[in-house]
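Visitor: I'd like to ask some things about the structure below.
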Amino acid sequence: MRLDVRAAATENPAPLPLPVWDDGQLVQRLAAGENDALPLIYDRYAASLYWVLNAILNSPADAEDALQETFVALATGRAGKIRDLKSYLLVAARHQAFTILRRRKREGDFEDVAELEIAAPEAVSTPHDFAHLLARLPLEQREVIALKVWEELTFAEIAQVVRASPNTVMSRYRYGIERLRKWCGEENRD
């Protein structure tokens, strides 16, 4: 009895399993110059980074620019020195956001970051009311809330990203949440 491999392969074509790469493997592949690593990292982290950037910058267009610059820096940087990919991306994205905020301030685009409105509410998938209220918070509180809510980071992890003590991060979060609750209560009464 002879087994016909070609016939068996066409009768039951089983899809090849796609490899699932962990962050460490993706960083190693990126450092080795493998071209497909960057899109995999982008697919894994771009959406959540975008929400954090949008919360910090209050501008979908600026958030997209900062996101792009974050990944350009990753592609052209020293990937071999990255120990924690998610933390690296959050710190790099935060750096890009603050670069944009400094540029805005230098160019006189705004008086107070807290007074900015989200430019395109239809581009935000969170409820507009929440996005509007979040935009009213001071930058430090917006940033911590975004990292806690969208990235689900612990206060210790957030402290590393924003380079503040965990107690400071917890205070920023608590004060921000208190303000949001107060404002939500006021809007519900109206």
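Going through the structure tokens in order, the chains are called A, B, and so on, while each chain numbers its residues from 1 and the ligands are numbered from 1 in the order shown.
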Quick one: residues within 10 Å of A:Leu38, only C-alpha atoms, excluding same-chain residues fewer than 6 positions away - as a PyMOL selection string?

Guide: chain A and resi 26-27+29-30+44+71-72+74-75

Visitor: Just to be explicit: take each residue in the selection above, keep N, CA and C atoms, and write the result as a PDB file, in the first residue's frame.

Guide:
ATOM      1  N   LEU A  26      10.036  39.626  19.321  1.00  0.00           N
ATOM      2  CA  LEU A  26       9.852  40.689  18.334  1.00  0.00           C
ATOM      3  C   LEU A  26      10.999  41.697  18.388  1.00  0.00           C
ATOM      4  N   VAL A  27      11.436  42.040  19.578  1.00  0.00           N
ATOM      5  CA  VAL A  27      12.561  42.973  19.725  1.00  0.00           C
ATOM      6  C   VAL A  27      13.824  42.357  19.132  1.00  0.00           C
ATOM      7  N   ARG A  29      14.009  40.124  16.779  1.00  0.00           N
ATOM      8  CA  ARG A  29      13.848  40.096  15.319  1.00  0.00           C
ATOM      9  C   ARG A  29      14.039  41.488  14.733  1.00  0.00           C
ATOM     10  N   LEU A  30      13.521  42.503  15.411  1.00  0.00           N
ATOM     11  CA  LEU A  30      13.708  43.878  14.942  1.00  0.00           C
ATOM     12  C   LEU A  30      15.183  44.256  14.976  1.00  0.00           C
ATOM     13  N   ARG A  44       0.229  45.215  17.337  1.00  0.00           N
ATOM     14  CA  ARG A  44      -0.004  44.866  18.736  1.00  0.00           C
ATOM     15  C   ARG A  44      -0.236  46.104  19.599  1.00  0.00           C
ATOM     16  N   PHE A  71       7.025  55.092  16.180  1.00  0.00           N
ATOM     17  CA  PHE A  71       7.426  53.892  15.450  1.00  0.00           C
ATOM     18  C   PHE A  71       8.606  54.146  14.519  1.00  0.00           C
ATOM     19  N   VAL A  72       8.747  55.360  14.019  1.00  0.00           N
ATOM     20  CA  VAL A  72       9.945  55.695  13.252  1.00  0.00           C
ATOM     21  C   VAL A  72      11.168  55.596  14.159  1.00  0.00           C
ATOM     22  N   LEU A  74      11.455  53.763  16.805  1.00  0.00           N
ATOM     23  CA  LEU A  74      11.683  52.346  17.090  1.00  0.00           C
ATOM     24  C   LEU A  74      12.408  51.674  15.928  1.00  0.00           C
ATOM     25  N   ALA A  75      11.989  51.990  14.716  1.00  0.00           N
ATOM     26  CA  ALA A  75      12.586  51.364  13.532  1.00  0.00           C
ATOM     27  C   ALA A  75      14.034  51.783  13.318  1.00  0.00           C
TER      28      ALA A  75
END

Visitor: Excluding stretch 83-88 of chain A and any residue of its chain fewer than 4 positions from it, enumerate the residues within 8 Å of it, using only C-alpha atoms, and give them as a PyMOL selection string.

Guide: chain A and resi 23-24+27+45+92+161

Visitor: Could the residues in this selection be written to a file with C-alpha atoms, as a PDB file, in the first residue's frame?

Guide:
ATOM      1  CA  ASP A  23       7.623  40.947  22.859  1.00  0.00           C
ATOM      2  CA  GLY A  24      11.167  39.751  23.529  1.00  0.00           C
ATOM      3  CA  VAL A  27      12.561  42.973  19.725  1.00  0.00           C
ATOM      4  CA  TYR A  45       0.460  48.325  20.280  1.00  0.00           C
ATOM      5  CA  ALA A  92       8.776  56.934  23.585  1.00  0.00           C
ATOM      6  CA  VAL A 161       6.609  55.739  32.446  1.00  0.00           C
TER       7      VAL A 161
END

Visitor: What lies within 8 Å of stretch 142-155 of chain A using only C-alpha atoms, ignoring chain neighbours under 4 positions off, as an mmCIF file with N, CA and C atoms, in the first residue's frame?

Guide:
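Result saved to result_19.cif:
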data_model
loop_
_atom_site.group_PDB
_atom_site.id
_atom_site.type_symbol
_atom_site.label_atom_id
_atom_site.label_comp_id
_atom_site.auth_asym_id
_atom_site.auth_seq_id
_atom_site.Cartn_x
_atom_site.Cartn_y
_atom_site.Cartn_z
ATOM 1 N N SER A 48 -3.654 51.111 21.274
ATOM 2 C CA SER A 48 -3.638 51.571 22.665
ATOM 3 C C SER A 48 -2.733 52.786 22.841
ATOM 4 N N TRP A 51 -4.661 55.946 21.834
ATOM 5 C CA TRP A 51 -5.606 56.473 22.825
ATOM 6 C C TRP A 51 -4.888 57.241 23.924
ATOM 7 N N VAL A 52 -3.749 56.745 24.337
ATOM 8 C CA VAL A 52 -2.975 57.455 25.353
ATOM 9 C C VAL A 52 -2.495 58.790 24.787
ATOM 10 N N ALA A 55 -5.327 61.240 24.526
ATOM 11 C CA ALA A 55 -5.697 61.776 25.840
ATOM 12 C C ALA A 55 -4.716 62.852 26.284
ATOM 13 N N ILE A 56 -3.446 62.687 25.988
ATOM 14 C CA ILE A 56 -2.444 63.679 26.373
ATOM 15 C C ILE A 56 -2.546 64.923 25.498
ATOM 16 N N LEU A 134 -12.551 64.518 29.962
ATOM 17 C CA LEU A 134 -11.143 64.167 30.112
ATOM 18 C C LEU A 134 -10.255 65.297 29.597
ATOM 19 N N ALA A 135 -10.663 65.934 28.522
ATOM 20 C CA ALA A 135 -9.881 67.035 27.947
ATOM 21 C C ALA A 135 -9.793 68.237 28.888
ATOM 22 N N LEU A 137 -9.279 68.036 32.121
ATOM 23 C CA LEU A 137 -8.348 67.755 33.218
ATOM 24 C C LEU A 137 -6.959 68.299 32.910
ATOM 25 N N PRO A 138 -6.187 68.592 33.956
ATOM 26 C CA PRO A 138 -4.785 68.952 33.729
ATOM 27 C C PRO A 138 -4.042 67.797 33.054
ATOM 28 N N ALA A 159 4.243 55.026 37.169
ATOM 29 C CA ALA A 159 5.297 55.842 37.775
ATOM 30 C C ALA A 159 6.589 55.743 36.979
ATOM 31 N N PRO A 166 5.206 56.544 42.756
ATOM 32 C CA PRO A 166 3.887 55.903 42.739
ATOM 33 C C PRO A 166 2.846 56.690 43.538
ATOM 34 N N VAL A 169 1.614 59.486 41.345
ATOM 35 C CA VAL A 169 0.745 58.930 40.306
ATOM 36 C C VAL A 169 -0.630 58.610 40.875
ATOM 37 N N MET A 170 -0.669 57.996 42.067
ATOM 38 C CA MET A 170 -1.955 57.673 42.690
ATOM 39 C C MET A 170 -2.748 58.941 43.000
ATOM 40 N N ARG A 172 -2.524 61.879 41.401
ATOM 41 C CA ARG A 172 -3.015 62.426 40.131
ATOM 42 C C ARG A 172 -4.237 61.664 39.652
ATOM 43 N N TYR A 173 -4.191 60.357 39.773
ATOM 44 C CA TYR A 173 -5.321 59.529 39.357
ATOM 45 C C TYR A 173 -6.550 59.826 40.212
ATOM 46 N N GLY A 176 -7.965 63.293 39.509
ATOM 47 C CA GLY A 176 -8.595 63.295 38.191
ATOM 48 C C GLY A 176 -9.936 62.593 38.198
ATOM 49 N N ILE A 177 -9.990 61.427 38.829
ATOM 50 C CA ILE A 177 -11.249 60.677 38.908
ATOM 51 C C ILE A 177 -12.287 61.454 39.711
#

Visitor: Using only C-alpha atoms, find the one residue out of A:Leu133, A:Ala61, A:Ile41, A:Tyr50 that sits nearest to A:Lys182.

Guide: A:Leu133

Visitor: Quick one: distance from atom CA of A:Asn35 to atom CA of A:Leu67 in Å, one decimal?

Guide: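 So the two atoms, atom CA of A:Asn35 and atom CA of A:Leu67, lie 19.0 Å apart.
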
Visitor: Please indicate the distance in Å from atom CA of A:Ala66 to atom CA of A:Thr168, rounded to one decimal place.

Guide: 25.4 Å

Visitor: Separation of atom CA of A:Leu101 and atom CA of A:Ala63, in Å?

Guide: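 One can read the atom CA of A:Leu101 to atom CA of A:Ala63 distance as 11.0 Å.
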
Visitor: For A:Ala47, which residue among A:Gly33, A:Glu64, A:Tyr175, A:Gln28 is the nearest when counting only C-alpha atoms?

Guide: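 Ranking A:Gly33, A:Glu64, A:Tyr175, A:Gln28 by distance to A:Ala47, first place goes to A:Glu64.
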
Visitor: Between A:Ala93, A:Gln160, A:Gly77, A:Gln25, which is the closest to A:Ala46 once you count only C-alpha atoms?

Guide: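 Once distances to A:Ala46 are computed over only C-alpha atoms, the minimum belongs to A:Ala93.
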
Visitor: I need the residue nearest A:Arg104 from this list: A:Ala37, A:Tyr42, A:Gly80, A:Leu57. Use only C-alpha atoms for the distance.

Guide: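 The answer is A:Leu57, which sits nearest to A:Arg104.
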